[in-house]
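Asks: Contents are mmCIF, N, CA and C atoms; file name start-v7.cif:
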data_work
#
loop_
_atom_site.label_atom_id
_atom_site.label_comp_id
_atom_site.auth_asym_id
_atom_site.auth_seq_id
_atom_site.Cartn_x
_atom_site.Cartn_y
_atom_site.Cartn_z
N MET A 237 -3.04 -17.91 13.09
CA MET A 237 -3.38 -16.77 12.26
C MET A 237 -2.10 -16.23 11.60
N VAL A 238 -2.21 -15.88 10.34
CA VAL A 238 -1.08 -15.35 9.59
C VAL A 238 -0.92 -13.86 9.90
N ASP A 239 0.30 -13.43 10.11
CA ASP A 239 0.60 -12.02 10.37
C ASP A 239 0.91 -11.32 9.05
N PHE A 240 0.02 -10.45 8.63
CA PHE A 240 0.21 -9.72 7.38
C PHE A 240 0.77 -8.31 7.61
N SER A 241 1.30 -8.07 8.79
CA SER A 241 1.83 -6.75 9.08
C SER A 241 3.09 -6.50 8.25
N ILE A 242 3.30 -5.25 7.96
CA ILE A 242 4.46 -4.85 7.15
C ILE A 242 4.98 -3.55 7.75
N SER A 243 6.28 -3.40 7.77
CA SER A 243 6.85 -2.20 8.37
C SER A 243 6.73 -1.01 7.42
N PRO A 244 6.65 0.20 7.98
CA PRO A 244 6.62 1.39 7.13
C PRO A 244 7.81 1.45 6.17
N LEU A 245 8.99 1.08 6.64
CA LEU A 245 10.17 1.10 5.77
C LEU A 245 10.01 0.14 4.59
N ALA A 246 9.42 -1.02 4.83
CA ALA A 246 9.20 -1.98 3.75
C ALA A 246 8.23 -1.43 2.71
N VAL A 247 7.21 -0.71 3.16
CA VAL A 247 6.25 -0.10 2.23
C VAL A 247 6.95 0.98 1.40
N LEU A 248 7.66 1.86 2.08
CA LEU A 248 8.39 2.92 1.37
C LEU A 248 9.37 2.33 0.35
N SER A 249 10.08 1.29 0.74
CA SER A 249 11.07 0.66 -0.14
C SER A 249 10.40 -0.02 -1.33
N ALA A 250 9.29 -0.71 -1.07
CA ALA A 250 8.59 -1.41 -2.15
C ALA A 250 8.10 -0.44 -3.21
N PHE A 251 7.56 0.69 -2.80
CA PHE A 251 7.12 1.69 -3.76
C PHE A 251 8.32 2.35 -4.45
N ALA A 252 9.35 2.68 -3.69
CA ALA A 252 10.55 3.31 -4.26
C ALA A 252 11.21 2.41 -5.30
N ASP A 253 11.21 1.11 -5.04
CA ASP A 253 11.79 0.16 -6.00
C ASP A 253 11.04 0.17 -7.33
N ARG A 254 9.81 0.67 -7.31
CA ARG A 254 8.99 0.75 -8.51
C ARG A 254 8.84 2.19 -9.00
N GLN A 255 9.75 3.03 -8.57
CA GLN A 255 9.81 4.45 -8.95
C GLN A 255 8.53 5.21 -8.59
N VAL A 256 7.95 4.89 -7.44
CA VAL A 256 6.79 5.61 -6.93
C VAL A 256 7.23 6.29 -5.64
N LYS A 257 7.16 7.64 -5.65
CA LYS A 257 7.58 8.40 -4.47
C LYS A 257 6.36 8.72 -3.61
N LEU A 258 6.39 8.19 -2.40
CA LEU A 258 5.30 8.47 -1.46
C LEU A 258 5.51 9.82 -0.80
N PRO A 259 4.47 10.49 -0.37
CA PRO A 259 3.12 10.01 -0.21
C PRO A 259 2.32 10.05 -1.52
N LEU A 260 1.27 9.22 -1.54
CA LEU A 260 0.32 9.27 -2.64
C LEU A 260 -0.64 10.41 -2.38
N ARG A 261 -1.30 10.86 -3.46
CA ARG A 261 -2.30 11.93 -3.32
C ARG A 261 -3.31 11.81 -4.45
N LEU A 262 -4.42 12.48 -4.29
CA LEU A 262 -5.44 12.52 -5.32
C LEU A 262 -5.09 13.60 -6.34
N SER A 263 -5.44 13.35 -7.60
CA SER A 263 -5.27 14.36 -8.63
C SER A 263 -6.25 15.50 -8.40
N ASP A 264 -5.80 16.72 -8.62
CA ASP A 264 -6.70 17.87 -8.54
C ASP A 264 -7.52 18.02 -9.81
N ASN A 265 -7.09 17.36 -10.90
CA ASN A 265 -7.73 17.56 -12.20
C ASN A 265 -8.59 16.40 -12.67
N ASP A 266 -8.30 15.19 -12.22
CA ASP A 266 -9.00 14.01 -12.72
C ASP A 266 -9.59 13.19 -11.57
N VAL A 267 -10.85 12.86 -11.67
CA VAL A 267 -11.56 12.12 -10.64
C VAL A 267 -11.04 10.68 -10.58
N GLY A 268 -10.73 10.24 -9.36
CA GLY A 268 -10.31 8.86 -9.14
C GLY A 268 -8.89 8.54 -9.54
N VAL A 269 -8.09 9.55 -9.83
CA VAL A 269 -6.70 9.32 -10.22
C VAL A 269 -5.80 9.54 -9.01
N ILE A 270 -4.93 8.56 -8.76
CA ILE A 270 -3.98 8.63 -7.67
C ILE A 270 -2.60 8.91 -8.25
N LEU A 271 -1.94 9.91 -7.68
CA LEU A 271 -0.62 10.33 -8.12
C LEU A 271 0.39 10.09 -7.01
N ASP A 272 1.68 9.99 -7.41
CA ASP A 272 2.72 9.95 -6.38
C ASP A 272 3.12 11.37 -6.04
N ASP A 273 4.11 11.53 -5.18
CA ASP A 273 4.51 12.85 -4.71
C ASP A 273 5.10 13.73 -5.81
N LEU A 274 5.54 13.11 -6.89
CA LEU A 274 6.10 13.87 -8.01
C LEU A 274 5.06 14.19 -9.07
N GLY A 275 3.82 13.72 -8.86
CA GLY A 275 2.74 14.00 -9.81
C GLY A 275 2.58 12.95 -10.88
N ALA A 276 3.29 11.84 -10.78
CA ALA A 276 3.17 10.76 -11.76
C ALA A 276 1.95 9.90 -11.43
N ASP A 277 1.20 9.51 -12.47
CA ASP A 277 0.06 8.61 -12.28
C ASP A 277 0.51 7.30 -11.67
N VAL A 278 -0.24 6.82 -10.70
CA VAL A 278 0.02 5.53 -10.09
C VAL A 278 -1.10 4.57 -10.45
N ILE A 279 -2.34 5.03 -10.29
CA ILE A 279 -3.50 4.18 -10.60
C ILE A 279 -4.71 5.07 -10.82
N THR A 280 -5.62 4.59 -11.66
CA THR A 280 -6.90 5.25 -11.87
C THR A 280 -8.00 4.30 -11.42
N ILE A 281 -8.88 4.79 -10.59
CA ILE A 281 -10.00 4.02 -10.08
C ILE A 281 -11.16 4.13 -11.05
N ASP A 282 -11.76 2.98 -11.39
CA ASP A 282 -12.98 2.92 -12.20
C ASP A 282 -12.81 3.56 -13.58
N VAL A 283 -11.85 3.08 -14.34
CA VAL A 283 -11.59 3.62 -15.67
C VAL A 283 -12.77 3.43 -16.63
N ASN A 284 -13.66 2.48 -16.34
CA ASN A 284 -14.82 2.23 -17.20
C ASN A 284 -16.06 3.00 -16.78
N SER A 285 -15.94 3.82 -15.76
CA SER A 285 -17.03 4.68 -15.27
C SER A 285 -18.28 3.90 -14.87
N TYR A 286 -18.08 2.76 -14.22
CA TYR A 286 -19.22 2.01 -13.69
C TYR A 286 -19.76 2.66 -12.42
N ARG A 287 -18.91 3.38 -11.71
CA ARG A 287 -19.30 4.01 -10.46
C ARG A 287 -19.50 5.52 -10.67
N SER A 288 -20.19 6.13 -9.74
CA SER A 288 -20.33 7.59 -9.79
C SER A 288 -18.96 8.22 -9.53
N ASP A 289 -18.81 9.48 -9.94
CA ASP A 289 -17.56 10.19 -9.67
C ASP A 289 -17.30 10.26 -8.17
N ALA A 290 -18.36 10.46 -7.39
CA ALA A 290 -18.20 10.56 -5.93
C ALA A 290 -17.69 9.24 -5.35
N ASP A 291 -18.21 8.12 -5.83
CA ASP A 291 -17.75 6.82 -5.34
C ASP A 291 -16.32 6.54 -5.77
N ALA A 292 -15.98 6.86 -7.01
CA ALA A 292 -14.61 6.65 -7.49
C ALA A 292 -13.62 7.49 -6.68
N GLU A 293 -13.99 8.72 -6.40
CA GLU A 293 -13.12 9.61 -5.62
C GLU A 293 -12.99 9.11 -4.18
N ALA A 294 -14.08 8.60 -3.61
CA ALA A 294 -14.04 8.09 -2.25
C ALA A 294 -13.14 6.86 -2.15
N ILE A 295 -13.24 5.96 -3.13
CA ILE A 295 -12.38 4.77 -3.15
C ILE A 295 -10.92 5.19 -3.29
N ALA A 296 -10.65 6.12 -4.17
CA ALA A 296 -9.28 6.61 -4.35
C ALA A 296 -8.75 7.21 -3.06
N ALA A 297 -9.57 8.01 -2.38
CA ALA A 297 -9.15 8.64 -1.12
C ALA A 297 -8.87 7.58 -0.05
N LEU A 298 -9.70 6.55 0.02
CA LEU A 298 -9.46 5.47 0.97
C LEU A 298 -8.11 4.79 0.71
N LEU A 299 -7.83 4.50 -0.55
CA LEU A 299 -6.56 3.85 -0.90
C LEU A 299 -5.36 4.74 -0.61
N VAL A 300 -5.47 6.02 -0.95
CA VAL A 300 -4.38 6.97 -0.67
C VAL A 300 -4.10 7.02 0.82
N ASN A 301 -5.15 7.17 1.60
CA ASN A 301 -4.97 7.26 3.05
C ASN A 301 -4.43 5.96 3.63
N ALA A 302 -4.88 4.83 3.13
CA ALA A 302 -4.41 3.54 3.64
C ALA A 302 -2.92 3.34 3.35
N VAL A 303 -2.51 3.60 2.12
CA VAL A 303 -1.10 3.42 1.76
C VAL A 303 -0.23 4.39 2.55
N ASN A 304 -0.62 5.64 2.61
CA ASN A 304 0.18 6.63 3.34
C ASN A 304 0.26 6.27 4.83
N HIS A 305 -0.83 5.78 5.38
CA HIS A 305 -0.84 5.38 6.80
C HIS A 305 0.10 4.20 7.04
N VAL A 306 -0.01 3.17 6.20
CA VAL A 306 0.84 1.98 6.38
C VAL A 306 2.32 2.35 6.17
N ALA A 307 2.57 3.36 5.35
CA ALA A 307 3.94 3.81 5.13
C ALA A 307 4.45 4.67 6.29
N GLY A 308 3.58 4.91 7.27
CA GLY A 308 4.00 5.68 8.44
C GLY A 308 3.99 7.17 8.23
N LEU A 309 3.31 7.65 7.19
CA LEU A 309 3.27 9.07 6.91
C LEU A 309 2.06 9.69 7.59
N LYS A 310 2.29 10.74 8.33
CA LYS A 310 1.23 11.43 9.04
C LYS A 310 0.69 12.56 8.16
N PRO A 311 -0.64 12.77 8.15
CA PRO A 311 -1.22 13.80 7.28
C PRO A 311 -0.58 15.17 7.45
N TRP A 312 -0.23 15.54 8.67
CA TRP A 312 0.34 16.87 8.90
C TRP A 312 1.81 16.95 8.48
N GLU A 313 2.42 15.83 8.15
CA GLU A 313 3.81 15.82 7.70
C GLU A 313 3.93 15.80 6.17
N ILE A 314 2.78 15.68 5.49
CA ILE A 314 2.80 15.50 4.04
C ILE A 314 2.72 16.85 3.34
N SER A 315 3.71 17.11 2.48
CA SER A 315 3.67 18.24 1.57
C SER A 315 4.08 17.71 0.21
N HIS A 316 3.28 17.97 -0.81
CA HIS A 316 3.50 17.37 -2.12
C HIS A 316 4.45 18.19 -2.97
N GLY A 317 5.21 17.44 -3.78
CA GLY A 317 6.11 18.05 -4.75
C GLY A 317 7.40 18.37 -4.11
#
Write out the structure in this file as structure tokens.
Replies:
Amino acid sequence: MVDFSISPLAVLSAFADRQVKLPLRLSDNDVGVILDDLGADVITIDVNSYRSDADAEAIAALLVNAVNHVAGLKPWEISHG
């Protein structure tokens, strides 16, 4: 079996190398938009509006939580900006 594990430092470094400051977060203004800690857009889920707003937001939240978790960031340690 292949080991796909990655260290939190590697995740933080990979995003930092691409000018993305973790933690990620959801936009307060736009549904399905994921921002970095500085408020810069990282990705928009379902740009063609094939899914409901609730589904797009749920997918975005899952991705935000997954990335932040793999980066070793705890929810209670995260403060944006």
Asks: Among stretch 256-298 of chain A, which ones does DSSP assign to alpha helix (DSSP H) (computed from the backbone)? Answer as a compact mmCIF listing (two decimals) with N, CA and C atoms, in the frame of the given file.
Replies:
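Listing of out_1.txt after writing:
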# COMPACT_ATOMS: atom_id res chain seq x y z
N ASP A 289 -18.81 9.48 -9.94
CA ASP A 289 -17.56 10.19 -9.67
C ASP A 289 -17.30 10.26 -8.17
N ALA A 290 -18.36 10.46 -7.39
CA ALA A 290 -18.20 10.56 -5.93
C ALA A 290 -17.69 9.24 -5.35
N ASP A 291 -18.21 8.12 -5.83
CA ASP A 291 -17.75 6.82 -5.34
C ASP A 291 -16.32 6.54 -5.77
N ALA A 292 -15.98 6.86 -7.01
CA ALA A 292 -14.61 6.65 -7.49
C ALA A 292 -13.62 7.49 -6.68
N GLU A 293 -13.99 8.72 -6.40
CA GLU A 293 -13.12 9.61 -5.62
C GLU A 293 -12.99 9.11 -4.18
N ALA A 294 -14.08 8.60 -3.61
CA ALA A 294 -14.04 8.09 -2.25
C ALA A 294 -13.14 6.86 -2.15
N ILE A 295 -13.24 5.96 -3.13
CA ILE A 295 -12.38 4.77 -3.15
C ILE A 295 -10.92 5.19 -3.29
N ALA A 296 -10.65 6.12 -4.17
CA ALA A 296 -9.28 6.61 -4.35
C ALA A 296 -8.75 7.21 -3.06
N ALA A 297 -9.57 8.01 -2.38
CA ALA A 297 -9.15 8.64 -1.12
C ALA A 297 -8.87 7.58 -0.05
N LEU A 298 -9.70 6.55 0.02
CA LEU A 298 -9.46 5.47 0.97
C LEU A 298 -8.11 4.79 0.71
Asks: What separation in Å, quoted to one decimal, exists between atom CA of A:Pro259 and atom CA of A:Asp272?
Replies: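 Between atom CA of A:Pro259 and atom CA of A:Asp272 the gap works out to 6.2 Å.
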Asks: Give me, as a ChimeraX atom specification, all polymer residues having an atom no more than 8 Å from A:Ser243, counting all atoms listed in the file and skipping those fewer than 3 positions away in the same chain.
Replies: /A:240,246-249,306-308
Asks: Distance atom CA of A:Arg261-atom N of A:Ser241, one decimal place?
Replies: 23.7 Å
Asks: Run the PyMOL selection byres (((chain A and resi 305 and name CA) around 12) and name CA) against the file shown and list the residues it catches, as a list in words.
Replies: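 With the PyMOL selection byres (((chain A and resi 305 and name CA) around 12) and name CA) on this model, the match is Ile242, Ser243, Pro244, Leu245, Val247, Leu248, Leu258, Pro259, Leu260, Ala297, Leu298, Leu299, Val300, Asn301, Ala302, Val303, Asn304, Val306, Ala307, Gly308, Leu309, Lys310, Pro311, Trp312, Glu313 and Ile314 of chain A.
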Asks: Would you save the residues from that selection as a PDB file, keeping the file's coordinate frame, using N, CA and C atoms?
Replies:
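Result written to again-v3.pdb:
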ATOM      1  N   ILE A 242       3.300  -5.250   7.960  1.00  0.00           N
ATOM      2  CA  ILE A 242       4.460  -4.850   7.150  1.00  0.00           C
ATOM      3  C   ILE A 242       4.980  -3.550   7.750  1.00  0.00           C
ATOM      4  N   SER A 243       6.280  -3.400   7.770  1.00  0.00           N
ATOM      5  CA  SER A 243       6.850  -2.200   8.370  1.00  0.00           C
ATOM      6  C   SER A 243       6.730  -1.010   7.420  1.00  0.00           C
ATOM      7  N   PRO A 244       6.650   0.200   7.980  1.00  0.00           N
ATOM      8  CA  PRO A 244       6.620   1.390   7.130  1.00  0.00           C
ATOM      9  C   PRO A 244       7.810   1.450   6.170  1.00  0.00           C
ATOM     10  N   LEU A 245       8.990   1.080   6.640  1.00  0.00           N
ATOM     11  CA  LEU A 245      10.170   1.100   5.770  1.00  0.00           C
ATOM     12  C   LEU A 245      10.010   0.140   4.590  1.00  0.00           C
ATOM     13  N   VAL A 247       7.210  -0.710   3.160  1.00  0.00           N
ATOM     14  CA  VAL A 247       6.250  -0.100   2.230  1.00  0.00           C
ATOM     15  C   VAL A 247       6.950   0.980   1.400  1.00  0.00           C
ATOM     16  N   LEU A 248       7.660   1.860   2.080  1.00  0.00           N
ATOM     17  CA  LEU A 248       8.390   2.920   1.370  1.00  0.00           C
ATOM     18  C   LEU A 248       9.370   2.330   0.350  1.00  0.00           C
ATOM     19  N   LEU A 258       6.390   8.190  -2.400  1.00  0.00           N
ATOM     20  CA  LEU A 258       5.300   8.470  -1.460  1.00  0.00           C
ATOM     21  C   LEU A 258       5.510   9.820  -0.800  1.00  0.00           C
ATOM     22  N   PRO A 259       4.470  10.490  -0.370  1.00  0.00           N
ATOM     23  CA  PRO A 259       3.120  10.010  -0.210  1.00  0.00           C
ATOM     24  C   PRO A 259       2.320  10.050  -1.520  1.00  0.00           C
ATOM     25  N   LEU A 260       1.270   9.220  -1.540  1.00  0.00           N
ATOM     26  CA  LEU A 260       0.320   9.270  -2.640  1.00  0.00           C
ATOM     27  C   LEU A 260      -0.640  10.410  -2.380  1.00  0.00           C
ATOM     28  N   ALA A 297      -9.570   8.010  -2.380  1.00  0.00           N
ATOM     29  CA  ALA A 297      -9.150   8.640  -1.120  1.00  0.00           C
ATOM     30  C   ALA A 297      -8.870   7.580  -0.050  1.00  0.00           C
ATOM     31  N   LEU A 298      -9.700   6.550   0.020  1.00  0.00           N
ATOM     32  CA  LEU A 298      -9.460   5.470   0.970  1.00  0.00           C
ATOM     33  C   LEU A 298      -8.110   4.790   0.710  1.00  0.00           C
ATOM     34  N   LEU A 299      -7.830   4.500  -0.550  1.00  0.00           N
ATOM     35  CA  LEU A 299      -6.560   3.850  -0.900  1.00  0.00           C
ATOM     36  C   LEU A 299      -5.360   4.740  -0.610  1.00  0.00           C
ATOM     37  N   VAL A 300      -5.470   6.020  -0.950  1.00  0.00           N
ATOM     38  CA  VAL A 300      -4.380   6.970  -0.670  1.00  0.00           C
ATOM     39  C   VAL A 300      -4.100   7.020   0.820  1.00  0.00           C
ATOM     40  N   ASN A 301      -5.150   7.170   1.600  1.00  0.00           N
ATOM     41  CA  ASN A 301      -4.970   7.260   3.050  1.00  0.00           C
ATOM     42  C   ASN A 301      -4.430   5.960   3.630  1.00  0.00           C
ATOM     43  N   ALA A 302      -4.880   4.830   3.130  1.00  0.00           N
ATOM     44  CA  ALA A 302      -4.410   3.540   3.640  1.00  0.00           C
ATOM     45  C   ALA A 302      -2.920   3.340   3.350  1.00  0.00           C
ATOM     46  N   VAL A 303      -2.510   3.600   2.120  1.00  0.00           N
ATOM     47  CA  VAL A 303      -1.100   3.420   1.760  1.00  0.00           C
ATOM     48  C   VAL A 303      -0.230   4.390   2.550  1.00  0.00           C
ATOM     49  N   ASN A 304      -0.620   5.640   2.610  1.00  0.00           N
ATOM     50  CA  ASN A 304       0.180   6.630   3.340  1.00  0.00           C
ATOM     51  C   ASN A 304       0.260   6.270   4.830  1.00  0.00           C
ATOM     52  N   VAL A 306      -0.010   3.170   6.200  1.00  0.00           N
ATOM     53  CA  VAL A 306       0.840   1.980   6.380  1.00  0.00           C
ATOM     54  C   VAL A 306       2.320   2.350   6.170  1.00  0.00           C
ATOM     55  N   ALA A 307       2.570   3.360   5.350  1.00  0.00           N
ATOM     56  CA  ALA A 307       3.940   3.810   5.130  1.00  0.00           C
ATOM     57  C   ALA A 307       4.450   4.670   6.290  1.00  0.00           C
ATOM     58  N   GLY A 308       3.580   4.910   7.270  1.00  0.00           N
ATOM     59  CA  GLY A 308       4.000   5.680   8.440  1.00  0.00           C
ATOM     60  C   GLY A 308       3.990   7.170   8.230  1.00  0.00           C
ATOM     61  N   LEU A 309       3.310   7.650   7.190  1.00  0.00           N
ATOM     62  CA  LEU A 309       3.270   9.070   6.910  1.00  0.00           C
ATOM     63  C   LEU A 309       2.060   9.690   7.590  1.00  0.00           C
ATOM     64  N   LYS A 310       2.290  10.740   8.330  1.00  0.00           N
ATOM     65  CA  LYS A 310       1.230  11.430   9.040  1.00  0.00           C
ATOM     66  C   LYS A 310       0.690  12.560   8.160  1.00  0.00           C
ATOM     67  N   PRO A 311      -0.640  12.770   8.150  1.00  0.00           N
ATOM     68  CA  PRO A 311      -1.220  13.800   7.280  1.00  0.00           C
ATOM     69  C   PRO A 311      -0.580  15.170   7.450  1.00  0.00           C
ATOM     70  N   TRP A 312      -0.230  15.540   8.670  1.00  0.00           N
ATOM     71  CA  TRP A 312       0.340  16.870   8.900  1.00  0.00           C
ATOM     72  C   TRP A 312       1.810  16.950   8.480  1.00  0.00           C
ATOM     73  N   GLU A 313       2.420  15.830   8.150  1.00  0.00           N
ATOM     74  CA  GLU A 313       3.810  15.820   7.700  1.00  0.00           C
ATOM     75  C   GLU A 313       3.930  15.800   6.170  1.00  0.00           C
ATOM     76  N   ILE A 314       2.780  15.680   5.490  1.00  0.00           N
ATOM     77  CA  ILE A 314       2.800  15.500   4.040  1.00  0.00           C
ATOM     78  C   ILE A 314       2.720  16.850   3.340  1.00  0.00           C
TER      79      ILE A 314
END
Asks: Identify, on the basis of only N, CA and C atoms, every residue whose closest approach to A:Gly268 does not exceed 5 Å; exclude the query and any residue fewer than 6 positions from it along the same chain; express the result as a list in words.
Replies: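 Contacts, with the query itself left out: Thr280, Ile281, Ala292 and Glu293 of chain A.
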Asks: Going by DSSP on the backbone, which bits of chain A are strand (DSSP E)? Write them as a list in words, please.
Replies: Arg261, Leu262, Val269, Ile270, Leu271, Asp277, Val278, Ile279 and Thr280 of chain A
Asks: Just to be explicit: take each residue in the selection above, keep N, CA and C atoms, and write the result as an mmCIF file, keeping the file's coordinate frame.
Replies:
data_model
loop_
_atom_site.group_PDB
_atom_site.id
_atom_site.type_symbol
_atom_site.label_atom_id
_atom_site.label_comp_id
_atom_site.auth_asym_id
_atom_site.auth_seq_id
_atom_site.Cartn_x
_atom_site.Cartn_y
_atom_site.Cartn_z
ATOM 1 N N ARG A 261 -1.300 10.860 -3.460
ATOM 2 C CA ARG A 261 -2.300 11.930 -3.320
ATOM 3 C C ARG A 261 -3.310 11.810 -4.450
ATOM 4 N N LEU A 262 -4.420 12.480 -4.290
ATOM 5 C CA LEU A 262 -5.440 12.520 -5.320
ATOM 6 C C LEU A 262 -5.090 13.600 -6.340
ATOM 7 N N VAL A 269 -8.090 9.550 -9.830
ATOM 8 C CA VAL A 269 -6.700 9.320 -10.220
ATOM 9 C C VAL A 269 -5.800 9.540 -9.010
ATOM 10 N N ILE A 270 -4.930 8.560 -8.760
ATOM 11 C CA ILE A 270 -3.980 8.630 -7.670
ATOM 12 C C ILE A 270 -2.600 8.910 -8.250
ATOM 13 N N LEU A 271 -1.940 9.910 -7.680
ATOM 14 C CA LEU A 271 -0.620 10.330 -8.120
ATOM 15 C C LEU A 271 0.390 10.090 -7.010
ATOM 16 N N ASP A 277 1.200 9.510 -12.470
ATOM 17 C CA ASP A 277 0.060 8.610 -12.280
ATOM 18 C C ASP A 277 0.510 7.300 -11.670
ATOM 19 N N VAL A 278 -0.240 6.820 -10.700
ATOM 20 C CA VAL A 278 0.020 5.530 -10.090
ATOM 21 C C VAL A 278 -1.100 4.570 -10.450
ATOM 22 N N ILE A 279 -2.340 5.030 -10.290
ATOM 23 C CA ILE A 279 -3.500 4.180 -10.600
ATOM 24 C C ILE A 279 -4.710 5.070 -10.820
ATOM 25 N N THR A 280 -5.620 4.590 -11.660
ATOM 26 C CA THR A 280 -6.900 5.250 -11.870
ATOM 27 C C THR A 280 -8.000 4.300 -11.420
#
Asks: Have a look at atom N of A:Asp289 and atom C of A:Asp266 and let me know their distance in Å, one decimal.
Replies: 10.1 Å
Asks: Check the smallest atom-to-atom distance from each of A:Ser288, A:Leu274, A:Ala294, A:Val269 to A:Lys257 using only C-alpha atoms, then report the winner.
Replies: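 Of A:Ser288, A:Leu274, A:Ala294, A:Val269, the one nearest A:Lys257, counting only C-alpha atoms, is A:Leu274.
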Asks: Would you list the contacts of A:Leu271 as a PDB file with N, CA and C atoms, in the coordinates of the input, taking every protein, DNA or RNA residue within 8 Å and counting only C-alpha atoms, but skipping same-chain residues closer than 6 positions in sequence?
Replies:
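That gives us around06.pdb:
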ATOM      1  N   LEU A 260       1.270   9.220  -1.540  1.00  0.00           N
ATOM      2  CA  LEU A 260       0.320   9.270  -2.640  1.00  0.00           C
ATOM      3  C   LEU A 260      -0.640  10.410  -2.380  1.00  0.00           C
ATOM      4  N   ARG A 261      -1.300  10.860  -3.460  1.00  0.00           N
ATOM      5  CA  ARG A 261      -2.300  11.930  -3.320  1.00  0.00           C
ATOM      6  C   ARG A 261      -3.310  11.810  -4.450  1.00  0.00           C
ATOM      7  N   LEU A 262      -4.420  12.480  -4.290  1.00  0.00           N
ATOM      8  CA  LEU A 262      -5.440  12.520  -5.320  1.00  0.00           C
ATOM      9  C   LEU A 262      -5.090  13.600  -6.340  1.00  0.00           C
ATOM     10  N   SER A 263      -5.440  13.350  -7.600  1.00  0.00           N
ATOM     11  CA  SER A 263      -5.270  14.360  -8.630  1.00  0.00           C
ATOM     12  C   SER A 263      -6.250  15.500  -8.400  1.00  0.00           C
ATOM     13  N   ASP A 277       1.200   9.510 -12.470  1.00  0.00           N
ATOM     14  CA  ASP A 277       0.060   8.610 -12.280  1.00  0.00           C
ATOM     15  C   ASP A 277       0.510   7.300 -11.670  1.00  0.00           C
ATOM     16  N   VAL A 278      -0.240   6.820 -10.700  1.00  0.00           N
ATOM     17  CA  VAL A 278       0.020   5.530 -10.090  1.00  0.00           C
ATOM     18  C   VAL A 278      -1.100   4.570 -10.450  1.00  0.00           C
ATOM     19  N   ILE A 279      -2.340   5.030 -10.290  1.00  0.00           N
ATOM     20  CA  ILE A 279      -3.500   4.180 -10.600  1.00  0.00           C
ATOM     21  C   ILE A 279      -4.710   5.070 -10.820  1.00  0.00           C
TER      22      ILE A 279
END
Asks: Counting all atoms listed in the file, which residue out of A:Tyr286, A:Ile295, A:Val256, A:Ala250 sits closest to A:Asp273?
Replies: A:Val256
